[in-house]
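One file, input-v7.pdb, is given below (PDB, N, CA and C atoms).
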ATOM      1  N   MET A   1     141.056 135.643  41.472
ATOM      2  CA  MET A   1     140.224 136.815  41.304
ATOM      3  C   MET A   1     141.035 138.049  41.704
ATOM      4  N   ARG A   2     140.843 139.108  40.979
ATOM      5  CA  ARG A   2     141.560 140.349  41.272
ATOM      6  C   ARG A   2     141.038 140.978  42.549
ATOM      7  N   ILE A   3     141.907 141.689  43.227
ATOM      8  CA  ILE A   3     141.562 142.327  44.498
ATOM      9  C   ILE A   3     140.376 143.270  44.333
ATOM     10  N   ILE A   4     140.408 144.100  43.314
ATOM     11  CA  ILE A   4     139.358 145.103  43.145
ATOM     12  C   ILE A   4     138.004 144.448  42.903
ATOM     13  N   THR A   5     137.981 143.373  42.144
ATOM     14  CA  THR A   5     136.725 142.678  41.853
ATOM     15  C   THR A   5     136.153 142.058  43.112
ATOM     16  N   GLU A   6     137.004 141.392  43.863
ATOM     17  CA  GLU A   6     136.564 140.751  45.097
ATOM     18  C   GLU A   6     136.058 141.784  46.106
ATOM     19  N   LEU A   7     136.785 142.880  46.249
ATOM     20  CA  LEU A   7     136.381 143.925  47.190
ATOM     21  C   LEU A   7     135.052 144.553  46.775
ATOM     22  N   LYS A   8     134.881 144.836  45.497
ATOM     23  CA  LYS A   8     133.630 145.435  45.026
ATOM     24  C   LYS A   8     132.445 144.509  45.271
ATOM     25  N   GLU A   9     132.634 143.213  45.111
ATOM     26  CA  GLU A   9     131.558 142.257  45.385
ATOM     27  C   GLU A   9     131.165 142.296  46.861
ATOM     28  N   ILE A  10     132.159 142.337  47.738
ATOM     29  CA  ILE A  10     131.895 142.393  49.177
ATOM     30  C   ILE A  10     131.186 143.694  49.531
ATOM     31  N   LEU A  11     131.679 144.807  48.985
ATOM     32  CA  LEU A  11     131.064 146.106  49.260
ATOM     33  C   LEU A  11     129.611 146.128  48.799
ATOM     34  N   TYR A  12     129.339 145.551  47.639
ATOM     35  CA  TYR A  12     127.973 145.533  47.113
ATOM     36  C   TYR A  12     127.038 144.773  48.055
ATOM     37  N   THR A  13     127.491 143.620  48.541
ATOM     38  CA  THR A  13     126.641 142.821  49.432
ATOM     39  C   THR A  13     126.413 143.515  50.771
ATOM     40  N   LYS A  14     127.345 144.369  51.184
ATOM     41  CA  LYS A  14     127.220 145.074  52.462
ATOM     42  C   LYS A  14     126.597 146.460  52.312
ATOM     43  N   GLY A  15     126.313 146.856  51.077
ATOM     44  CA  GLY A  15     125.699 148.161  50.843
ATOM     45  C   GLY A  15     126.651 149.324  51.060
ATOM     46  N   LEU A  16     127.937 149.088  50.854
ATOM     47  CA  LEU A  16     128.953 150.130  51.031
ATOM     48  C   LEU A  16     129.517 150.532  49.676
ATOM     49  N   THR A  17     130.190 151.676  49.653
ATOM     50  CA  THR A  17     130.818 152.138  48.419
ATOM     51  C   THR A  17     132.328 152.230  48.598
ATOM     52  N   LEU A  18     133.014 152.202  47.477
ATOM     53  CA  LEU A  18     134.464 152.350  47.499
ATOM     54  C   LEU A  18     134.840 153.757  47.959
ATOM     55  N   LYS A  19     133.994 154.728  47.654
ATOM     56  CA  LYS A  19     134.235 156.102  48.098
ATOM     57  C   LYS A  19     134.209 156.181  49.625
ATOM     58  N   PHE A  20     133.247 155.506  50.243
ATOM     59  CA  PHE A  20     133.170 155.460  51.710
ATOM     60  C   PHE A  20     134.437 154.821  52.284
ATOM     61  N   VAL A  21     134.886 153.734  51.681
ATOM     62  CA  VAL A  21     136.090 153.043  52.149
ATOM     63  C   VAL A  21     137.297 153.964  52.027
ATOM     64  N   ALA A  22     137.404 154.692  50.918
ATOM     65  CA  ALA A  22     138.525 155.616  50.720
ATOM     66  C   ALA A  22     138.533 156.695  51.797
ATOM     67  N   GLN A  23     137.359 157.229  52.117
ATOM     68  CA  GLN A  23     137.273 158.274  53.146
ATOM     69  C   GLN A  23     137.654 157.720  54.519
ATOM     70  N   GLU A  24     137.143 156.560  54.863
ATOM     71  CA  GLU A  24     137.454 155.953  56.156
ATOM     72  C   GLU A  24     138.932 155.584  56.261
ATOM     73  N   LEU A  25     139.483 155.073  55.180
ATOM     74  CA  LEU A  25     140.905 154.726  55.160
ATOM     75  C   LEU A  25     141.746 155.970  55.386
ATOM     76  N   GLY A  26     141.380 157.053  54.732
ATOM     77  CA  GLY A  26     142.084 158.321  54.923
ATOM     78  C   GLY A  26     141.999 158.815  56.355
ATOM     79  N   ASN A  27     140.817 158.687  56.961
ATOM     80  CA  ASN A  27     140.643 159.105  58.354
ATOM     81  C   ASN A  27     141.515 158.280  59.294
ATOM     82  N   ARG A  28     141.553 156.978  59.084
ATOM     83  CA  ARG A  28     142.309 156.106  59.988
ATOM     84  C   ARG A  28     143.815 156.243  59.833
ATOM     85  N   LEU A  29     144.275 156.542  58.608
ATOM     86  CA  LEU A  29     145.707 156.687  58.374
ATOM     87  C   LEU A  29     146.163 158.139  58.388
ATOM     88  N   ASN A  30     145.217 159.051  58.587
ATOM     89  CA  ASN A  30     145.539 160.475  58.610
ATOM     90  C   ASN A  30     146.206 160.935  57.313
ATOM     91  N   LYS A  31     145.668 160.432  56.191
ATOM     92  CA  LYS A  31     146.157 160.765  54.860
ATOM     93  C   LYS A  31     144.957 161.092  53.995
ATOM     94  N   THR A  32     145.216 161.639  52.832
ATOM     95  CA  THR A  32     144.149 161.881  51.880
ATOM     96  C   THR A  32     144.069 160.722  50.904
ATOM     97  N   TYR A  33     142.940 160.048  50.905
ATOM     98  CA  TYR A  33     142.671 158.982  49.941
ATOM     99  C   TYR A  33     141.463 159.395  49.127
ATOM    100  N   THR A  34     141.623 159.467  47.820
ATOM    101  CA  THR A  34     140.502 159.747  46.949
ATOM    102  C   THR A  34     140.005 158.431  46.367
ATOM    103  N   LEU A  35     138.824 158.471  45.814
ATOM    104  CA  LEU A  35     138.275 157.296  45.156
ATOM    105  C   LEU A  35     139.207 156.848  44.024
ATOM    106  N   ALA A  36     139.695 157.799  43.247
ATOM    107  CA  ALA A  36     140.583 157.488  42.124
ATOM    108  C   ALA A  36     141.889 156.863  42.608
ATOM    109  N   ASN A  37     142.453 157.430  43.674
ATOM    110  CA  ASN A  37     143.703 156.918  44.225
ATOM    111  C   ASN A  37     143.542 155.474  44.701
ATOM    112  N   LEU A  38     142.486 155.214  45.457
ATOM    113  CA  LEU A  38     142.253 153.868  45.971
ATOM    114  C   LEU A  38     141.956 152.906  44.830
ATOM    115  N   SER A  39     141.151 153.327  43.881
ATOM    116  CA  SER A  39     140.839 152.471  42.728
ATOM    117  C   SER A  39     142.097 152.088  41.962
ATOM    118  N   ASN A  40     142.987 153.043  41.760
ATOM    119  CA  ASN A  40     144.241 152.767  41.050
ATOM    120  C   ASN A  40     145.106 151.777  41.812
ATOM    121  N   LYS A  41     145.204 151.956  43.136
ATOM    122  CA  LYS A  41     145.997 151.023  43.949
ATOM    123  C   LYS A  41     145.440 149.608  43.860
ATOM    124  N   LEU A  42     144.116 149.499  43.891
ATOM    125  CA  LEU A  42     143.483 148.183  43.811
ATOM    126  C   LEU A  42     143.635 147.580  42.415
ATOM    127  N   ARG A  43     143.409 148.387  41.381
ATOM    128  CA  ARG A  43     143.493 147.904  40.004
ATOM    129  C   ARG A  43     144.917 147.473  39.655
ATOM    130  N   ASN A  44     145.898 148.243  40.115
ATOM    131  CA  ASN A  44     147.304 147.928  39.819
ATOM    132  C   ASN A  44     147.902 146.936  40.811
ATOM    133  N   GLU A  45     147.114 146.597  41.830
ATOM    134  CA  GLU A  45     147.535 145.685  42.894
ATOM    135  C   GLU A  45     148.822 146.160  43.575
ATOM    136  N   THR A  46     148.831 147.463  43.880
ATOM    137  CA  THR A  46     149.960 148.062  44.591
ATOM    138  C   THR A  46     149.579 148.479  46.004
ATOM    139  N   ILE A  47     148.414 148.052  46.447
ATOM    140  CA  ILE A  47     147.944 148.391  47.781
ATOM    141  C   ILE A  47     148.756 147.614  48.811
ATOM    142  N   THR A  48     149.036 148.230  49.934
ATOM    143  CA  THR A  48     149.859 147.574  50.948
ATOM    144  C   THR A  48     149.016 146.655  51.835
ATOM    145  N   TYR A  49     149.695 145.756  52.499
ATOM    146  CA  TYR A  49     149.031 144.852  53.430
ATOM    147  C   TYR A  49     148.352 145.654  54.541
ATOM    148  N   ARG A  50     149.037 146.654  55.023
ATOM    149  CA  ARG A  50     148.491 147.503  56.091
ATOM    150  C   ARG A  50     147.173 148.149  55.654
ATOM    151  N   GLU A  51     147.156 148.686  54.427
ATOM    152  CA  GLU A  51     145.950 149.303  53.906
ATOM    153  C   GLU A  51     144.821 148.278  53.774
ATOM    154  N   MET A  52     145.136 147.102  53.275
ATOM    155  CA  MET A  52     144.116 146.060  53.120
ATOM    156  C   MET A  52     143.594 145.593  54.471
ATOM    157  N   LYS A  53     144.467 145.532  55.465
ATOM    158  CA  LYS A  53     144.044 145.133  56.806
ATOM    159  C   LYS A  53     143.044 146.147  57.367
ATOM    160  N   ILE A  54     143.303 147.422  57.170
ATOM    161  CA  ILE A  54     142.403 148.470  57.641
ATOM    162  C   ILE A  54     141.096 148.443  56.855
ATOM    163  N   ILE A  55     141.167 148.213  55.559
ATOM    164  CA  ILE A  55     139.952 148.112  54.751
ATOM    165  C   ILE A  55     139.090 146.964  55.256
ATOM    166  N   ALA A  56     139.712 145.847  55.579
ATOM    167  CA  ALA A  56     138.964 144.701  56.111
ATOM    168  C   ALA A  56     138.248 145.089  57.410
ATOM    169  N   GLU A  57     138.913 145.832  58.267
ATOM    170  CA  GLU A  57     138.288 146.293  59.509
ATOM    171  C   GLU A  57     137.108 147.223  59.215
ATOM    172  N   ILE A  58     137.286 148.121  58.260
ATOM    173  CA  ILE A  58     136.243 149.085  57.907
ATOM    174  C   ILE A  58     134.983 148.364  57.436
ATOM    175  N   ILE A  59     135.157 147.330  56.637
ATOM    176  CA  ILE A  59     133.985 146.661  56.065
ATOM    177  C   ILE A  59     133.531 145.459  56.885
ATOM    178  N   GLY A  60     134.197 145.222  57.997
ATOM    179  CA  GLY A  60     133.776 144.148  58.892
ATOM    180  C   GLY A  60     134.087 142.763  58.395
ATOM    181  N   CYS A  61     135.231 142.608  57.766
ATOM    182  CA  CYS A  61     135.674 141.307  57.246
ATOM    183  C   CYS A  61     137.037 140.954  57.832
ATOM    184  N   SER A  62     137.405 139.707  57.660
ATOM    185  CA  SER A  62     138.756 139.308  58.044
ATOM    186  C   SER A  62     139.595 139.177  56.785
ATOM    187  N   LEU A  63     140.882 139.366  56.940
ATOM    188  CA  LEU A  63     141.803 139.293  55.821
ATOM    189  C   LEU A  63     142.494 137.945  55.845
ATOM    190  N   GLU A  64     142.396 137.224  54.743
ATOM    191  CA  GLU A  64     142.999 135.897  54.654
ATOM    192  C   GLU A  64     144.057 135.904  53.554
ATOM    193  N   LEU A  65     145.261 135.508  53.909
ATOM    194  CA  LEU A  65     146.343 135.433  52.931
ATOM    195  C   LEU A  65     146.420 134.022  52.382
ATOM    196  N   LYS A  66     146.562 133.927  51.089
ATOM    197  CA  LYS A  66     146.664 132.606  50.445
ATOM    198  C   LYS A  66     147.961 132.493  49.704
TER
END
Turn the structure described in the file into structure tokens.
Amino acid sequence: MRIITELKEILYTKGLTLKFVAQELGNRLNKTYTLANLSNKLRNETITYREMKIIAEIIGCSLELK
């Protein structure tokens, strides 16, 4: 399953939005993250491990590498 699809499913079940995740990620990394920027990183699968680890913390999940 693609990263973006899996993340969107988790966000839907938790009542969160990708826009909220982008804002929180930007706050934690002290960078500007837009919804479009984050969506592109997820769709192209160019998101870093560090970013995914922080996203997991934001949404209250653990990150599992396979």
Show me, as a PDB file with N, CA and C atoms, in the coordinates of the input, the residues that have an atom within 12 Å of A:Ser39 when counting only C-alpha atoms, minus same-chain residues fewer than 2 positions from it.
ATOM      1  N   ILE A   3     141.907 141.689  43.227  1.00  0.00           N
ATOM      2  CA  ILE A   3     141.562 142.327  44.498  1.00  0.00           C
ATOM      3  C   ILE A   3     140.376 143.270  44.333  1.00  0.00           C
ATOM      4  N   ILE A   4     140.408 144.100  43.314  1.00  0.00           N
ATOM      5  CA  ILE A   4     139.358 145.103  43.145  1.00  0.00           C
ATOM      6  C   ILE A   4     138.004 144.448  42.903  1.00  0.00           C
ATOM      7  N   THR A   5     137.981 143.373  42.144  1.00  0.00           N
ATOM      8  CA  THR A   5     136.725 142.678  41.853  1.00  0.00           C
ATOM      9  C   THR A   5     136.153 142.058  43.112  1.00  0.00           C
ATOM     10  N   LEU A   7     136.785 142.880  46.249  1.00  0.00           N
ATOM     11  CA  LEU A   7     136.381 143.925  47.190  1.00  0.00           C
ATOM     12  C   LEU A   7     135.052 144.553  46.775  1.00  0.00           C
ATOM     13  N   LYS A   8     134.881 144.836  45.497  1.00  0.00           N
ATOM     14  CA  LYS A   8     133.630 145.435  45.026  1.00  0.00           C
ATOM     15  C   LYS A   8     132.445 144.509  45.271  1.00  0.00           C
ATOM     16  N   THR A  17     130.190 151.676  49.653  1.00  0.00           N
ATOM     17  CA  THR A  17     130.818 152.138  48.419  1.00  0.00           C
ATOM     18  C   THR A  17     132.328 152.230  48.598  1.00  0.00           C
ATOM     19  N   LEU A  18     133.014 152.202  47.477  1.00  0.00           N
ATOM     20  CA  LEU A  18     134.464 152.350  47.499  1.00  0.00           C
ATOM     21  C   LEU A  18     134.840 153.757  47.959  1.00  0.00           C
ATOM     22  N   LYS A  19     133.994 154.728  47.654  1.00  0.00           N
ATOM     23  CA  LYS A  19     134.235 156.102  48.098  1.00  0.00           C
ATOM     24  C   LYS A  19     134.209 156.181  49.625  1.00  0.00           C
ATOM     25  N   VAL A  21     134.886 153.734  51.681  1.00  0.00           N
ATOM     26  CA  VAL A  21     136.090 153.043  52.149  1.00  0.00           C
ATOM     27  C   VAL A  21     137.297 153.964  52.027  1.00  0.00           C
ATOM     28  N   ALA A  22     137.404 154.692  50.918  1.00  0.00           N
ATOM     29  CA  ALA A  22     138.525 155.616  50.720  1.00  0.00           C
ATOM     30  C   ALA A  22     138.533 156.695  51.797  1.00  0.00           C
ATOM     31  N   TYR A  33     142.940 160.048  50.905  1.00  0.00           N
ATOM     32  CA  TYR A  33     142.671 158.982  49.941  1.00  0.00           C
ATOM     33  C   TYR A  33     141.463 159.395  49.127  1.00  0.00           C
ATOM     34  N   THR A  34     141.623 159.467  47.820  1.00  0.00           N
ATOM     35  CA  THR A  34     140.502 159.747  46.949  1.00  0.00           C
ATOM     36  C   THR A  34     140.005 158.431  46.367  1.00  0.00           C
ATOM     37  N   LEU A  35     138.824 158.471  45.814  1.00  0.00           N
ATOM     38  CA  LEU A  35     138.275 157.296  45.156  1.00  0.00           C
ATOM     39  C   LEU A  35     139.207 156.848  44.024  1.00  0.00           C
ATOM     40  N   ALA A  36     139.695 157.799  43.247  1.00  0.00           N
ATOM     41  CA  ALA A  36     140.583 157.488  42.124  1.00  0.00           C
ATOM     42  C   ALA A  36     141.889 156.863  42.608  1.00  0.00           C
ATOM     43  N   ASN A  37     142.453 157.430  43.674  1.00  0.00           N
ATOM     44  CA  ASN A  37     143.703 156.918  44.225  1.00  0.00           C
ATOM     45  C   ASN A  37     143.542 155.474  44.701  1.00  0.00           C
ATOM     46  N   LYS A  41     145.204 151.956  43.136  1.00  0.00           N
ATOM     47  CA  LYS A  41     145.997 151.023  43.949  1.00  0.00           C
ATOM     48  C   LYS A  41     145.440 149.608  43.860  1.00  0.00           C
ATOM     49  N   LEU A  42     144.116 149.499  43.891  1.00  0.00           N
ATOM     50  CA  LEU A  42     143.483 148.183  43.811  1.00  0.00           C
ATOM     51  C   LEU A  42     143.635 147.580  42.415  1.00  0.00           C
ATOM     52  N   ARG A  43     143.409 148.387  41.381  1.00  0.00           N
ATOM     53  CA  ARG A  43     143.493 147.904  40.004  1.00  0.00           C
ATOM     54  C   ARG A  43     144.917 147.473  39.655  1.00  0.00           C
ATOM     55  N   ASN A  44     145.898 148.243  40.115  1.00  0.00           N
ATOM     56  CA  ASN A  44     147.304 147.928  39.819  1.00  0.00           C
ATOM     57  C   ASN A  44     147.902 146.936  40.811  1.00  0.00           C
ATOM     58  N   GLU A  45     147.114 146.597  41.830  1.00  0.00           N
ATOM     59  CA  GLU A  45     147.535 145.685  42.894  1.00  0.00           C
ATOM     60  C   GLU A  45     148.822 146.160  43.575  1.00  0.00           C
ATOM     61  N   THR A  46     148.831 147.463  43.880  1.00  0.00           N
ATOM     62  CA  THR A  46     149.960 148.062  44.591  1.00  0.00           C
ATOM     63  C   THR A  46     149.579 148.479  46.004  1.00  0.00           C
ATOM     64  N   ILE A  47     148.414 148.052  46.447  1.00  0.00           N
ATOM     65  CA  ILE A  47     147.944 148.391  47.781  1.00  0.00           C
ATOM     66  C   ILE A  47     148.756 147.614  48.811  1.00  0.00           C
TER      67      ILE A  47
END
Checklist entry - At what distance in Å, to one decimal, does atom C of A:Lys66 lie from atom C of A:Leu38? => result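 It comes out at 21.8 Å.
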Where's the centre, and what are the edge lengths in Å to one decimal, of a box along x, y and z enclosing all listed atoms of stretch 42-47 of chain A padded 4 Å per side, as JSON?
{"center_x": 146.7, "center_y": 147.6, "center_z": 44.2, "size_x": 14.6, "size_y": 11.8, "size_z": 17.2}
Item to check | Output check: residues returned by the PyMOL selection byres (((chain A and resi 58 and name CA) around 10) and name CA), as a PyMOL selection string | outcome: chain A and resi 20-22+24-25+28+52-57+59-61
Checklist entry - How many Å lie between atom C of A:Glu64 and atom C of A:Arg50, rounded to one decimal? => result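 Computing the Euclidean distance for atom C of A:Glu64 and atom C of A:Arg50 yields 12.8 Å.
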Next on the checklist: as a PyMOL selection string, please: every residue in chain A that a backbone DSSP assignment puts in alpha helix (DSSP H).
Outcome noted: chain A and resi 3-14+18-29+35-44+49-59
Checklist entry - Separation of atom C of A:Glu9 and atom CA of A:Gly26, in Å? => result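 Pair atom C of A:Glu9 / atom CA of A:Gly26 returns 21.0 Å.
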